[in-house]
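File shown: upload_20.csv (CSV, C-alpha atoms).
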chain,number,residue,atom,x,y,z
A,1,MET,CA,11.2,-17.2,14.9
A,2,THR,CA,9.7,-18.3,11.6
A,3,LYS,CA,6.8,-16.4,10.0
A,4,GLN,CA,4.5,-19.3,11.0
A,5,GLN,CA,5.5,-19.1,14.6
A,6,LEU,CA,5.0,-15.3,14.6
A,7,ALA,CA,1.6,-15.8,13.1
A,8,ILE,CA,0.7,-18.2,15.9
A,9,VAL,CA,1.9,-15.8,18.6
A,10,SER,CA,-0.1,-13.0,16.9
A,11,HIS,CA,-3.2,-15.2,16.9
A,12,VAL,CA,-2.7,-16.2,20.6
A,13,CYS,CA,-2.3,-12.5,21.5
A,14,ALA,CA,-5.4,-11.5,19.6
A,15,LEU,CA,-7.3,-14.4,21.2
A,16,GLY,CA,-6.3,-13.4,24.7
A,17,VAL,CA,-7.3,-9.7,24.3
A,18,ALA,CA,-10.5,-10.6,22.4
A,19,GLY,CA,-11.4,-13.1,25.1
A,20,VAL,CA,-11.1,-10.5,27.8
A,21,PHE,CA,-13.1,-8.0,25.9
A,22,LEU,CA,-15.8,-10.5,24.9
A,23,TYR,CA,-16.2,-11.5,28.6
A,24,ALA,CA,-16.2,-7.8,29.7
A,25,SER,CA,-18.7,-6.8,27.0
A,26,LEU,CA,-21.2,-9.6,27.6
A,27,GLU,CA,-21.4,-8.9,31.3
A,28,LYS,CA,-22.1,-5.2,30.6
A,29,ILE,CA,-24.6,-6.0,27.8
A,30,TRP,CA,-26.5,-8.3,30.2
A,31,GLU,CA,-26.7,-5.7,32.9
A,32,PRO,CA,-26.2,-2.2,31.5
A,33,ARG,CA,-27.7,-0.5,34.5
A,34,GLN,CA,-24.8,-1.7,36.6
A,35,PHE,CA,-22.3,-0.4,34.1
A,36,ALA,CA,-24.2,3.0,34.0
A,37,MET,CA,-23.7,3.1,37.8
A,38,ASP,CA,-20.0,2.5,37.3
A,39,VAL,CA,-19.7,5.2,34.7
A,40,THR,CA,-21.5,7.7,37.0
A,41,ASN,CA,-19.1,6.8,39.8
A,42,PHE,CA,-16.1,8.0,37.8
A,43,ARG,CA,-17.6,11.5,37.9
A,44,ILE,CA,-16.1,12.4,34.5
A,45,LEU,CA,-19.2,12.6,32.3
A,46,PRO,CA,-22.4,14.4,33.3
A,47,ASP,CA,-24.8,12.0,34.9
A,48,ALA,CA,-27.2,12.4,32.0
A,49,TYR,CA,-24.8,10.7,29.6
A,50,ALA,CA,-24.1,7.6,31.7
A,51,ASN,CA,-26.9,5.6,30.1
A,52,LEU,CA,-25.8,6.4,26.6
A,53,VAL,CA,-22.3,5.1,27.4
A,54,ALA,CA,-23.7,2.0,29.1
A,55,ILE,CA,-25.9,1.2,26.1
A,56,ILE,CA,-23.2,1.8,23.4
A,57,LEU,CA,-19.7,1.1,24.8
A,58,PRO,CA,-20.2,-2.6,25.6
A,59,TRP,CA,-21.2,-3.2,21.9
A,60,TRP,CA,-18.1,-1.4,20.8
A,61,GLU,CA,-16.1,-3.8,23.0
A,62,LEU,CA,-17.9,-6.8,21.5
A,63,ALA,CA,-17.5,-5.6,17.9
A,64,ALA,CA,-13.8,-4.7,18.4
A,65,ALA,CA,-13.1,-8.1,20.0
A,66,ILE,CA,-14.7,-10.0,17.1
A,67,ALA,CA,-12.8,-7.8,14.6
A,68,LEU,CA,-9.5,-8.5,16.4
A,69,LEU,CA,-10.0,-12.2,16.0
A,70,ILE,CA,-10.4,-11.9,12.2
A,71,PRO,CA,-7.0,-11.2,10.5
A,72,ALA,CA,-8.6,-9.1,7.8
A,73,THR,CA,-10.1,-6.7,10.3
A,74,ARG,CA,-7.5,-7.1,13.1
A,75,ARG,CA,-6.0,-3.7,12.6
A,76,ALA,CA,-9.3,-2.0,12.9
A,77,GLY,CA,-10.2,-4.0,16.0
A,78,ALA,CA,-6.8,-3.2,17.5
A,79,TRP,CA,-7.3,0.5,16.9
A,80,VAL,CA,-10.7,0.5,18.6
A,81,ILE,CA,-9.5,-1.6,21.5
A,82,SER,CA,-6.3,0.5,21.9
A,83,GLY,CA,-8.5,3.7,21.9
A,84,MET,CA,-10.7,2.2,24.6
A,85,LEU,CA,-7.8,1.0,26.7
A,86,VAL,CA,-6.2,4.4,26.6
A,87,MET,CA,-9.5,5.9,27.6
A,88,PHE,CA,-9.9,3.5,30.5
A,89,ILE,CA,-6.4,4.2,31.7
A,90,GLY,CA,-7.0,7.9,31.6
A,91,ALA,CA,-10.4,7.5,33.4
A,92,VAL,CA,-9.0,5.3,36.2
A,93,ALA,CA,-5.9,7.5,36.6
A,94,TYR,CA,-8.1,10.6,36.9
A,95,ALA,CA,-10.8,9.2,39.2
A,96,ALA,CA,-9.0,6.8,41.4
A,97,LEU,CA,-5.4,8.2,41.5
A,98,TYR,CA,-5.9,11.9,41.0
A,99,LYS,CA,-9.3,12.4,42.7
A,100,GLY,CA,-8.8,9.6,45.1
A,101,LEU,CA,-12.3,8.0,44.6
A,102,HIS,CA,-12.7,4.5,46.0
A,103,ILE,CA,-14.8,3.1,43.2
A,104,SER,CA,-15.3,-0.1,41.2
A,105,CYS,CA,-13.4,-0.1,37.9
A,106,GLY,CA,-16.5,-1.4,36.1
A,107,CYS,CA,-14.2,-3.5,33.9
A,108,PHE,CA,-16.3,-6.6,34.0
A,109,GLY,CA,-19.9,-5.4,34.5
A,110,LYS,CA,-21.5,-6.8,37.6
A,111,ASP,CA,-18.2,-7.9,39.1
A,112,GLY,CA,-18.0,-4.9,41.4
A,113,SER,CA,-15.2,-6.3,43.5
A,114,THR,CA,-12.4,-4.9,41.3
A,115,ALA,CA,-11.4,-1.5,42.7
A,116,ALA,CA,-10.1,1.1,40.2
A,117,GLY,CA,-6.5,1.8,40.8
A,118,TRP,CA,-2.9,0.8,39.8
A,119,LYS,CA,-4.0,-2.8,39.3
A,120,THR,CA,-6.5,-1.9,36.7
A,121,ILE,CA,-4.1,0.5,35.0
A,122,GLY,CA,-1.5,-2.3,34.9
A,123,LEU,CA,-4.0,-4.7,33.4
A,124,ASP,CA,-5.1,-2.2,30.8
A,125,ALA,CA,-1.4,-1.4,29.9
A,126,PHE,CA,-0.7,-5.1,29.6
A,127,LEU,CA,-3.7,-5.6,27.3
A,128,LEU,CA,-2.4,-2.6,25.2
A,129,VAL,CA,1.0,-4.2,24.8
A,130,VAL,CA,-0.6,-7.6,23.8
A,131,THR,CA,-2.9,-5.8,21.4
A,132,PHE,CA,0.1,-4.2,19.8
A,133,LEU,CA,1.8,-7.5,19.5
A,134,SER,CA,-1.2,-9.1,17.9
A,135,VAL,CA,-0.9,-6.7,15.0
A,136,ARG,CA,2.9,-6.3,15.0
A,137,LEU,CA,3.5,-10.0,14.7
A,138,MET,CA,1.0,-10.6,11.9
A,139,PRO,CA,3.0,-11.7,8.9
A,140,GLU,CA,1.2,-9.2,6.6
A,141,ALA,CA,1.9,-6.4,9.0
A,142,SER,CA,5.6,-7.1,9.1
A,143,GLU,CA,5.8,-7.1,5.3
A,144,ARG,CA,4.1,-3.8,4.8
A,145,GLN,CA,5.5,-0.2,4.9
A,146,PRO,CA,5.6,1.3,8.4
A,147,VAL,CA,2.9,3.8,7.5
A,148,GLU,CA,0.5,1.0,6.8
A,149,THR,CA,1.1,-0.7,10.1
A,150,PHE,CA,-0.4,-0.1,13.5
A,151,PRO,CA,0.9,3.2,14.7
A,152,ALA,CA,3.0,1.9,17.6
A,153,ALA,CA,4.6,-0.6,15.3
A,154,ALA,CA,5.4,2.1,12.8
A,155,ALA,CA,7.0,4.1,15.5
A,156,SER,CA,9.2,1.2,16.7
A,157,GLN,CA,10.2,0.5,13.1
A,158,GLY,CA,11.1,4.1,12.6
A,159,ALA,CA,13.3,4.0,15.7
B,1,MET,CA,-4.9,3.3,6.0
B,2,ASN,CA,-8.2,4.3,4.4
B,3,LYS,CA,-9.3,0.7,4.4
B,4,VAL,CA,-8.6,0.5,8.2
B,5,MET,CA,-10.4,3.8,8.8
B,6,THR,CA,-13.4,2.6,6.9
B,7,GLN,CA,-13.5,-0.6,8.8
B,8,ILE,CA,-13.3,1.3,12.1
B,9,ILE,CA,-16.2,3.5,11.2
B,10,THR,CA,-18.2,0.6,10.0
B,11,LEU,CA,-17.4,-1.3,13.1
B,12,LEU,CA,-18.5,1.5,15.4
B,13,VAL,CA,-21.7,2.3,13.5
B,14,ILE,CA,-22.8,-1.3,13.4
B,15,ALA,CA,-22.0,-1.8,17.1
B,16,SER,CA,-23.9,1.4,18.0
B,17,ALA,CA,-26.9,0.3,16.0
B,18,LEU,CA,-26.9,-3.1,17.7
B,19,GLY,CA,-26.7,-1.4,21.1
B,20,ALA,CA,-29.6,0.9,20.3
B,21,ALA,CA,-31.7,-2.0,18.8
B,22,THR,CA,-31.0,-4.3,21.8
B,23,ASN,CA,-31.9,-1.6,24.2
B,24,SER,CA,-35.1,-0.8,22.4
B,25,ILE,CA,-36.3,-4.4,22.3
B,26,ARG,CA,-35.2,-5.4,25.8
B,27,PRO,CA,-38.1,-5.7,28.2
B,28,THR,CA,-36.2,-3.5,30.7
B,29,SER,CA,-34.9,-0.9,28.3
B,30,MET,CA,-33.0,2.1,29.7
B,31,PRO,CA,-33.7,5.7,28.7
B,32,TRP,CA,-30.9,7.1,26.6
B,33,MET,CA,-30.4,10.1,28.9
B,34,ARG,CA,-30.6,9.7,32.6
B,35,ALA,CA,-33.1,11.8,34.5
B,36,GLU,CA,-31.7,14.7,36.4
B,37,ARG,CA,-31.8,14.7,40.1
B,38,ILE,CA,-33.9,17.1,42.1
B,39,ASN,CA,-32.3,18.6,45.3
B,40,GLY,CA,-29.9,15.7,45.8
B,41,SER,CA,-32.8,13.2,45.5
B,42,GLU,CA,-33.6,11.1,42.5
B,43,ALA,CA,-36.5,12.0,40.3
B,44,VAL,CA,-38.0,8.6,41.0
B,45,THR,CA,-39.1,10.0,44.4
B,46,ASN,CA,-42.6,10.5,43.0
B,47,THR,CA,-45.2,9.9,45.7
B,48,ALA,CA,-42.6,9.6,48.4
B,49,THR,CA,-43.5,12.9,49.9
B,50,THR,CA,-47.0,11.9,50.6
B,51,PRO,CA,-46.7,8.9,52.8
B,52,LYS,CA,-49.8,7.0,53.6
B,53,VAL,CA,-51.1,6.9,57.2
B,54,VAL,CA,-51.2,3.4,58.4
B,55,PRO,CA,-54.5,2.4,59.9
B,56,VAL,CA,-54.3,1.0,63.4
B,57,GLU,CA,-56.2,-2.2,64.1
B,58,PRO,CA,-58.9,-1.7,66.7
B,59,LYS,CA,-57.9,-3.1,70.1
B,60,ARG,CA,-59.9,-6.1,71.4
B,61,ALA,CA,-61.3,-5.7,74.8
B,62,GLY,CA,-61.0,-8.4,77.4
B,63,SER,CA,-64.4,-9.8,76.6
B,64,GLY,CA,-63.4,-10.4,73.0
B,65,SER,CA,-65.7,-7.6,71.7
B,66,VAL,CA,-64.2,-4.9,69.5
B,67,ALA,CA,-63.6,-1.8,71.5
B,68,ASN,CA,-64.9,1.5,70.2
B,69,ALA,CA,-61.8,3.3,71.3
B,70,VAL,CA,-59.2,3.3,68.5
B,71,GLU,CA,-55.6,4.1,69.3
B,72,PRO,CA,-54.5,7.1,67.3
B,73,ALA,CA,-52.4,6.3,64.3
B,74,PRO,CA,-48.7,7.3,64.6
B,75,ALA,CA,-47.9,10.6,62.9
B,76,ALA,CA,-47.1,10.3,59.3
B,77,PRO,CA,-43.6,11.4,58.1
B,78,ALA,CA,-43.6,15.0,57.0
B,79,ALA,CA,-43.1,16.0,53.3
B,80,GLY,CA,-39.6,16.5,52.0
B,81,PRO,CA,-36.5,14.4,51.9
B,82,LEU,CA,-36.6,11.5,54.2
B,83,THR,CA,-35.1,12.2,57.6
B,84,ALA,CA,-33.9,9.7,60.3
B,85,GLU,CA,-37.2,10.3,62.1
B,86,ASP,CA,-39.3,9.5,59.0
B,87,VAL,CA,-37.3,6.3,58.5
B,88,LEU,CA,-37.8,5.3,62.1
B,89,LEU,CA,-41.5,6.0,61.9
B,90,HIS,CA,-41.8,3.8,58.8
B,91,LEU,CA,-39.8,1.1,60.6
B,92,LYS,CA,-42.1,1.3,63.6
B,93,ASN,CA,-45.3,1.4,61.5
B,94,GLY,CA,-44.2,-1.2,59.0
B,95,SER,CA,-45.5,1.3,56.5
B,96,ALA,CA,-42.7,0.8,53.9
B,97,ARG,CA,-40.5,-1.9,52.7
B,98,PHE,CA,-36.8,-1.2,52.9
B,99,VAL,CA,-34.4,-2.2,50.2
B,100,ASP,CA,-30.6,-2.2,51.0
B,101,ALA,CA,-28.6,-1.5,47.8
B,102,ARG,CA,-25.2,-1.9,49.3
B,103,GLU,CA,-22.8,-4.7,48.7
B,104,GLN,CA,-22.6,-8.0,50.6
B,105,HIS,CA,-19.7,-6.9,52.9
B,106,GLU,CA,-21.6,-3.8,54.0
B,107,TRP,CA,-24.9,-5.7,54.4
B,108,VAL,CA,-23.2,-8.2,56.8
B,109,GLU,CA,-21.8,-5.3,58.9
B,110,GLY,CA,-25.3,-4.1,59.6
B,111,HIS,CA,-28.7,-3.6,57.9
B,112,PHE,CA,-32.4,-3.0,58.8
B,113,ARG,CA,-33.8,-6.3,60.0
B,114,SER,CA,-36.8,-6.0,57.7
B,115,ALA,CA,-34.8,-4.9,54.6
B,116,ILE,CA,-34.5,-6.8,51.4
B,117,HIS,CA,-31.0,-7.0,50.0
B,118,ILE,CA,-30.6,-6.1,46.4
B,119,PRO,CA,-27.0,-5.1,45.8
B,120,ALA,CA,-26.6,-2.6,43.0
B,121,SER,CA,-23.9,-4.7,41.5
B,122,ALA,CA,-26.4,-7.4,40.7
B,123,ILE,CA,-29.8,-5.9,40.6
B,124,TYR,CA,-31.4,-8.3,38.1
B,125,ALA,CA,-29.8,-11.4,39.6
B,126,ASN,CA,-31.5,-10.6,43.0
B,127,ILE,CA,-34.7,-8.9,41.8
B,128,ASP,CA,-36.8,-11.9,42.7
B,129,ARG,CA,-36.2,-11.2,46.3
B,130,ILE,CA,-38.5,-8.2,46.1
B,131,VAL,CA,-40.8,-9.1,43.2
B,132,ARG,CA,-42.1,-12.2,44.8
B,133,GLU,CA,-43.1,-10.6,48.1
B,134,VAL,CA,-43.8,-6.9,47.5
B,135,PRO,CA,-46.7,-5.8,45.3
B,136,PRO,CA,-46.1,-2.9,42.9
B,137,ASN,CA,-48.3,-0.5,44.9
B,138,GLU,CA,-46.4,-0.8,48.2
B,139,LYS,CA,-44.1,1.9,49.4
B,140,ILE,CA,-40.4,1.2,49.0
B,141,ILE,CA,-37.5,3.0,50.6
B,142,VAL,CA,-34.1,2.3,49.1
B,143,TYR,CA,-30.9,3.1,50.9
B,144,CYS,CA,-27.1,2.7,50.5
B,145,GLY,CA,-24.1,3.9,52.3
B,146,GLY,CA,-25.2,7.6,52.3
B,147,GLY,CA,-23.3,10.6,51.2
B,148,ASP,CA,-22.4,10.3,47.5
B,149,CYS,CA,-23.3,6.7,47.1
B,150,GLU,CA,-25.1,5.9,43.8
B,151,ALA,CA,-26.3,2.4,44.5
B,152,SER,CA,-29.7,3.4,46.0
B,153,HIS,CA,-30.4,5.6,43.0
B,154,HIS,CA,-29.8,2.8,40.5
B,155,VAL,CA,-31.8,0.3,42.4
B,156,ALA,CA,-34.7,2.8,42.8
B,157,ASP,CA,-34.5,3.6,39.1
B,158,ALA,CA,-34.7,-0.1,38.2
B,159,LEU,CA,-37.6,-0.8,40.6
B,160,LYS,CA,-39.6,2.1,39.2
B,161,ASN,CA,-38.8,1.9,35.5
B,162,ASP,CA,-38.2,-1.8,35.0
B,163,PHE,CA,-40.5,-3.4,37.6
B,164,LYS,CA,-43.2,-0.7,37.8
B,165,TYR,CA,-43.1,-0.1,41.5
B,166,GLN,CA,-45.1,3.1,41.9
B,167,ASP,CA,-43.9,4.5,45.2
B,168,VAL,CA,-40.1,4.4,45.4
B,169,THR,CA,-38.1,6.7,47.6
B,170,VAL,CA,-34.4,7.1,48.1
B,171,TYR,CA,-33.2,7.6,51.6
B,172,VAL,CA,-30.3,9.8,50.5
B,173,LYS,CA,-28.5,10.1,53.9
B,174,GLY,CA,-28.6,6.3,54.0
B,175,TRP,CA,-26.6,4.1,56.3
B,176,GLN,CA,-24.2,6.8,57.2
B,177,GLU,CA,-27.0,8.6,59.1
B,178,VAL,CA,-28.4,5.3,60.6
B,179,ASP,CA,-24.9,4.5,61.9
B,180,SER,CA,-24.5,7.9,63.4
B,181,LYS,CA,-27.8,7.6,65.2
B,182,MET,CA,-27.6,3.9,66.1
B,183,SER,CA,-29.1,4.4,69.5
B,184,MET,CA,-32.4,5.3,67.7
B,185,PHE,CA,-32.3,2.4,65.3
B,186,ALA,CA,-30.6,-0.3,67.4
B,187,SER,CA,-33.7,-2.5,67.8
B,188,TYR,CA,-34.3,-2.5,64.0
B,189,VAL,CA,-30.8,-3.3,63.0
B,190,ALA,CA,-29.4,-6.8,62.4
B,191,LYS,CA,-25.9,-8.0,61.5
B,192,GLY,CA,-24.6,-10.9,59.4
B,193,ASP,CA,-26.5,-12.6,56.6

This structure in C-alpha cells:
Amino acid sequence: MTKQQLAIVSHVCALGVAGVFLYASLEKIWEPRQFAMDVTNFRILPDAYANLVAIILPWWELAAAIALLIPATRRAGAWVISGMLVMFIGAVAYAALYKGLHISCGCFGKDGSTAAGWKTIGLDAFLLVVTFLSVRLMPEASERQPVETFPAAAASQGA
Amino acid sequence: MNKVMTQIITLLVIASALGAATNSIRPTSMPWMRAERINGSEAVTNTATTPKVVPVEPKRAGSGSVANAVEPAPAAPAAGPLTAEDVLLHLKNGSARFVDAREQHEWVEGHFRSAIHIPASAIYANIDRIVREVPPNEKIIVYCGGGDCEASHHVADALKNDFKYQDVTVYVKGWQEVDSKMSMFASYVAKGD
C-alpha cells in the first residue's frame, strides 16, 4: 500500500470510531439522567458519584472523538478513547460476566436495549483495534521512532 | 510524548469544563453528587409518609337531596415504606397517580390500569404524558420491577427535581410484589399497550 492509501485507511478508521463516539456522547449529553442510571446499575462506583460520571464522561467522549478526527490531535484522542474503551471492557466484564448482572450497557444513552455482555465487549475490542489502526497507519506515525508512536504500535514495532 | 500528554490533559480539562457549564445552564440540571438513600427508599420520598385522606362525596338520597349521613373515608395508608396494602388503598381511593418506570416489554406484560408509562430509558421523551395531566401538587407513586431496580428512583428523582412535583414516592417493592399478590390487584391490572 502506498502512503496515500494508508493515510486514507487511517482517516476512515478514525472517522468510524469518532462517529460511534460522537453518536454515543450526544445521546448521553442529551439525557444524562439515563446515563447516571446505567452507571449506577453497574454497581462499581458508589451511587453518589453516578451523576458526576454522567455529567463529565459524555463530554470526554465528544472531545476525544473530535480530537481523533484531527490528524494533529489524533494520538491524544486515541489515547483517551483507548482508555475509555479499556475501562468499558473492564466494567462490562466485571458487572455482566463476573457478577452476572442483567443490565443495559449504557453505551448509547437512552438506547437501553443493548444488554451488557460479550457482544458489548466484542464491540469495544473491535473499536480498540480500529482506534489503534487509525494512529498506526497515519503516515507521520509510521515515520517516527517507536517511542513517539501510540503505545500498542510501539510494542508491535518492537516485536 | 510530552506534546501528546499536554493535548490529553487540555482535552480532558476543556471537556470537563464544558460538561460542568452545560449542566449548570441546563433547565433540568443534575446535582453533582447523588442523594443518599434512606432505608432502601429514595430521599425524594418527602411527604410520602403522610398521605392525604380523600374526602368522600356525600351520597345523594333518592329524592335528590343531599343526605346528612356521610360514608366514612377509607383508612389512609400508614406511615413508612409503601406496602401492598397502601398501594391497594391508593388505587381504590384514586388518591395517587401511579407512574410505571419500567421498559415497554415489561409494561405490556402487565401494569396498573391507571398508571402513566414513563420508562426510565426515555424520561424526557415521555415526560409530557404526566406533565399535561397531573398538577405538581398531586401525589405520585413511582414503581418499577421491584427488588434492586433503579428505574423508579431515577424517574422519581426527575419528577421531583426537574419538574417540581412535590409529593413523589417510590414503591420500592414494585411490580415484584404486585405480581406475587396478583389476586389482590387483579382488578387494577391491565395488559398490553

Give as a PDB file with C-alpha atoms, in the frame of the given file every residue of chain A that touches chain B within 10 Å, counting all atoms listed in the file.
ATOM      1  CA  ILE A  29     -24.600  -6.000  27.800  1.00  0.00           C
ATOM      2  CA  TRP A  30     -26.500  -8.300  30.200  1.00  0.00           C
ATOM      3  CA  GLU A  31     -26.700  -5.700  32.900  1.00  0.00           C
ATOM      4  CA  PRO A  32     -26.200  -2.200  31.500  1.00  0.00           C
ATOM      5  CA  ARG A  33     -27.700  -0.500  34.500  1.00  0.00           C
ATOM      6  CA  GLN A  34     -24.800  -1.700  36.600  1.00  0.00           C
ATOM      7  CA  PHE A  35     -22.300  -0.400  34.100  1.00  0.00           C
ATOM      8  CA  ALA A  36     -24.200   3.000  34.000  1.00  0.00           C
ATOM      9  CA  MET A  37     -23.700   3.100  37.800  1.00  0.00           C
ATOM     10  CA  ASP A  38     -20.000   2.500  37.300  1.00  0.00           C
ATOM     11  CA  THR A  40     -21.500   7.700  37.000  1.00  0.00           C
ATOM     12  CA  ASN A  41     -19.100   6.800  39.800  1.00  0.00           C
ATOM     13  CA  PRO A  46     -22.400  14.400  33.300  1.00  0.00           C
ATOM     14  CA  ASP A  47     -24.800  12.000  34.900  1.00  0.00           C
ATOM     15  CA  ALA A  48     -27.200  12.400  32.000  1.00  0.00           C
ATOM     16  CA  TYR A  49     -24.800  10.700  29.600  1.00  0.00           C
ATOM     17  CA  ALA A  50     -24.100   7.600  31.700  1.00  0.00           C
ATOM     18  CA  ASN A  51     -26.900   5.600  30.100  1.00  0.00           C
ATOM     19  CA  LEU A  52     -25.800   6.400  26.600  1.00  0.00           C
ATOM     20  CA  VAL A  53     -22.300   5.100  27.400  1.00  0.00           C
ATOM     21  CA  ALA A  54     -23.700   2.000  29.100  1.00  0.00           C
ATOM     22  CA  ILE A  55     -25.900   1.200  26.100  1.00  0.00           C
ATOM     23  CA  ILE A  56     -23.200   1.800  23.400  1.00  0.00           C
ATOM     24  CA  LEU A  57     -19.700   1.100  24.800  1.00  0.00           C
ATOM     25  CA  PRO A  58     -20.200  -2.600  25.600  1.00  0.00           C
ATOM     26  CA  TRP A  59     -21.200  -3.200  21.900  1.00  0.00           C
ATOM     27  CA  TRP A  60     -18.100  -1.400  20.800  1.00  0.00           C
ATOM     28  CA  GLU A  61     -16.100  -3.800  23.000  1.00  0.00           C
ATOM     29  CA  LEU A  62     -17.900  -6.800  21.500  1.00  0.00           C
ATOM     30  CA  ALA A  63     -17.500  -5.600  17.900  1.00  0.00           C
ATOM     31  CA  ALA A  64     -13.800  -4.700  18.400  1.00  0.00           C
ATOM     32  CA  ILE A  66     -14.700 -10.000  17.100  1.00  0.00           C
ATOM     33  CA  ALA A  67     -12.800  -7.800  14.600  1.00  0.00           C
ATOM     34  CA  ALA A  72      -8.600  -9.100   7.800  1.00  0.00           C
ATOM     35  CA  THR A  73     -10.100  -6.700  10.300  1.00  0.00           C
ATOM     36  CA  ARG A  74      -7.500  -7.100  13.100  1.00  0.00           C
ATOM     37  CA  ARG A  75      -6.000  -3.700  12.600  1.00  0.00           C
ATOM     38  CA  ALA A  76      -9.300  -2.000  12.900  1.00  0.00           C
ATOM     39  CA  GLY A  77     -10.200  -4.000  16.000  1.00  0.00           C
ATOM     40  CA  ALA A  78      -6.800  -3.200  17.500  1.00  0.00           C
ATOM     41  CA  TRP A  79      -7.300   0.500  16.900  1.00  0.00           C
ATOM     42  CA  VAL A  80     -10.700   0.500  18.600  1.00  0.00           C
ATOM     43  CA  SER A 104     -15.300  -0.100  41.200  1.00  0.00           C
ATOM     44  CA  GLY A 106     -16.500  -1.400  36.100  1.00  0.00           C
ATOM     45  CA  GLY A 109     -19.900  -5.400  34.500  1.00  0.00           C
ATOM     46  CA  LYS A 110     -21.500  -6.800  37.600  1.00  0.00           C
ATOM     47  CA  ASP A 111     -18.200  -7.900  39.100  1.00  0.00           C
ATOM     48  CA  GLY A 112     -18.000  -4.900  41.400  1.00  0.00           C
ATOM     49  CA  SER A 113     -15.200  -6.300  43.500  1.00  0.00           C
ATOM     50  CA  VAL A 147       2.900   3.800   7.500  1.00  0.00           C
ATOM     51  CA  GLU A 148       0.500   1.000   6.800  1.00  0.00           C
ATOM     52  CA  THR A 149       1.100  -0.700  10.100  1.00  0.00           C
ATOM     53  CA  PHE A 150      -0.400  -0.100  13.500  1.00  0.00           C
TER      54      PHE A 150
END

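Interatomic distance, atom CA of Leu133 of chain A to atom CA of Ala115 of chain A: 27.4 Å.
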
Could you check which residues have any atom within 10 Å of (-36.3, -3.3, 58.5), counting only C-alpha atoms with coordinates taken straight from the file, and then list them as a PyMOL selection string?
chain B and resi 87-88+90-92+94+96-100+111-116+185+187-190

Any idea what the distance is between atom CA of Leu97 of chain A and atom CA of Gly122 of chain A?
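These two atoms are separated by 13.0 Å.
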
Distance atom CA of Phe108 of chain A-atom CA of Gly19 of chain A, one decimal place?
12.1 Å

With all atoms listed in the file as the counted atoms, please give the residues lying no more than 12 Å from Ile89 of chain A, apart from itself and same-chain residues fewer than 2 positions off, as a PDB file with C-alpha atoms, in the frame of the given file.
ATOM      1  CA  SER A  82      -6.300   0.500  21.900  1.00  0.00           C
ATOM      2  CA  GLY A  83      -8.500   3.700  21.900  1.00  0.00           C
ATOM      3  CA  MET A  84     -10.700   2.200  24.600  1.00  0.00           C
ATOM      4  CA  LEU A  85      -7.800   1.000  26.700  1.00  0.00           C
ATOM      5  CA  VAL A  86      -6.200   4.400  26.600  1.00  0.00           C
ATOM      6  CA  MET A  87      -9.500   5.900  27.600  1.00  0.00           C
ATOM      7  CA  ALA A  91     -10.400   7.500  33.400  1.00  0.00           C
ATOM      8  CA  VAL A  92      -9.000   5.300  36.200  1.00  0.00           C
ATOM      9  CA  ALA A  93      -5.900   7.500  36.600  1.00  0.00           C
ATOM     10  CA  TYR A  94      -8.100  10.600  36.900  1.00  0.00           C
ATOM     11  CA  ALA A  95     -10.800   9.200  39.200  1.00  0.00           C
ATOM     12  CA  ALA A  96      -9.000   6.800  41.400  1.00  0.00           C
ATOM     13  CA  LEU A  97      -5.400   8.200  41.500  1.00  0.00           C
ATOM     14  CA  CYS A 105     -13.400  -0.100  37.900  1.00  0.00           C
ATOM     15  CA  CYS A 107     -14.200  -3.500  33.900  1.00  0.00           C
ATOM     16  CA  ALA A 116     -10.100   1.100  40.200  1.00  0.00           C
ATOM     17  CA  GLY A 117      -6.500   1.800  40.800  1.00  0.00           C
ATOM     18  CA  TRP A 118      -2.900   0.800  39.800  1.00  0.00           C
ATOM     19  CA  LYS A 119      -4.000  -2.800  39.300  1.00  0.00           C
ATOM     20  CA  THR A 120      -6.500  -1.900  36.700  1.00  0.00           C
ATOM     21  CA  ILE A 121      -4.100   0.500  35.000  1.00  0.00           C
ATOM     22  CA  GLY A 122      -1.500  -2.300  34.900  1.00  0.00           C
ATOM     23  CA  LEU A 123      -4.000  -4.700  33.400  1.00  0.00           C
ATOM     24  CA  ASP A 124      -5.100  -2.200  30.800  1.00  0.00           C
ATOM     25  CA  ALA A 125      -1.400  -1.400  29.900  1.00  0.00           C
ATOM     26  CA  PHE A 126      -0.700  -5.100  29.600  1.00  0.00           C
ATOM     27  CA  LEU A 127      -3.700  -5.600  27.300  1.00  0.00           C
ATOM     28  CA  LEU A 128      -2.400  -2.600  25.200  1.00  0.00           C
TER      29      LEU A 128
END

Tell me, as a ChimeraX atom specification, which residues lie within 6 Å of segment 138-147 of chain B, counting all atoms listed in the file; anything in the same chain fewer than 6 positions away does not count.
/B:96-102,167-176

Asn137 of chain B environment, 9 Å, only C-alpha atoms, sequence neighbours closer than 5 positions dropped, as an NGL selection string
:B and (164-167)

Print the selection's residues with C-alpha atoms to a file, as a compact mmCIF listing (two decimals), in the coordinates of the input.
# COMPACT_ATOMS: atom_id res chain seq x y z
CA LYS B 164 -43.20 -0.70 37.80
CA TYR B 165 -43.10 -0.10 41.50
CA GLN B 166 -45.10 3.10 41.90
CA ASP B 167 -43.90 4.50 45.20
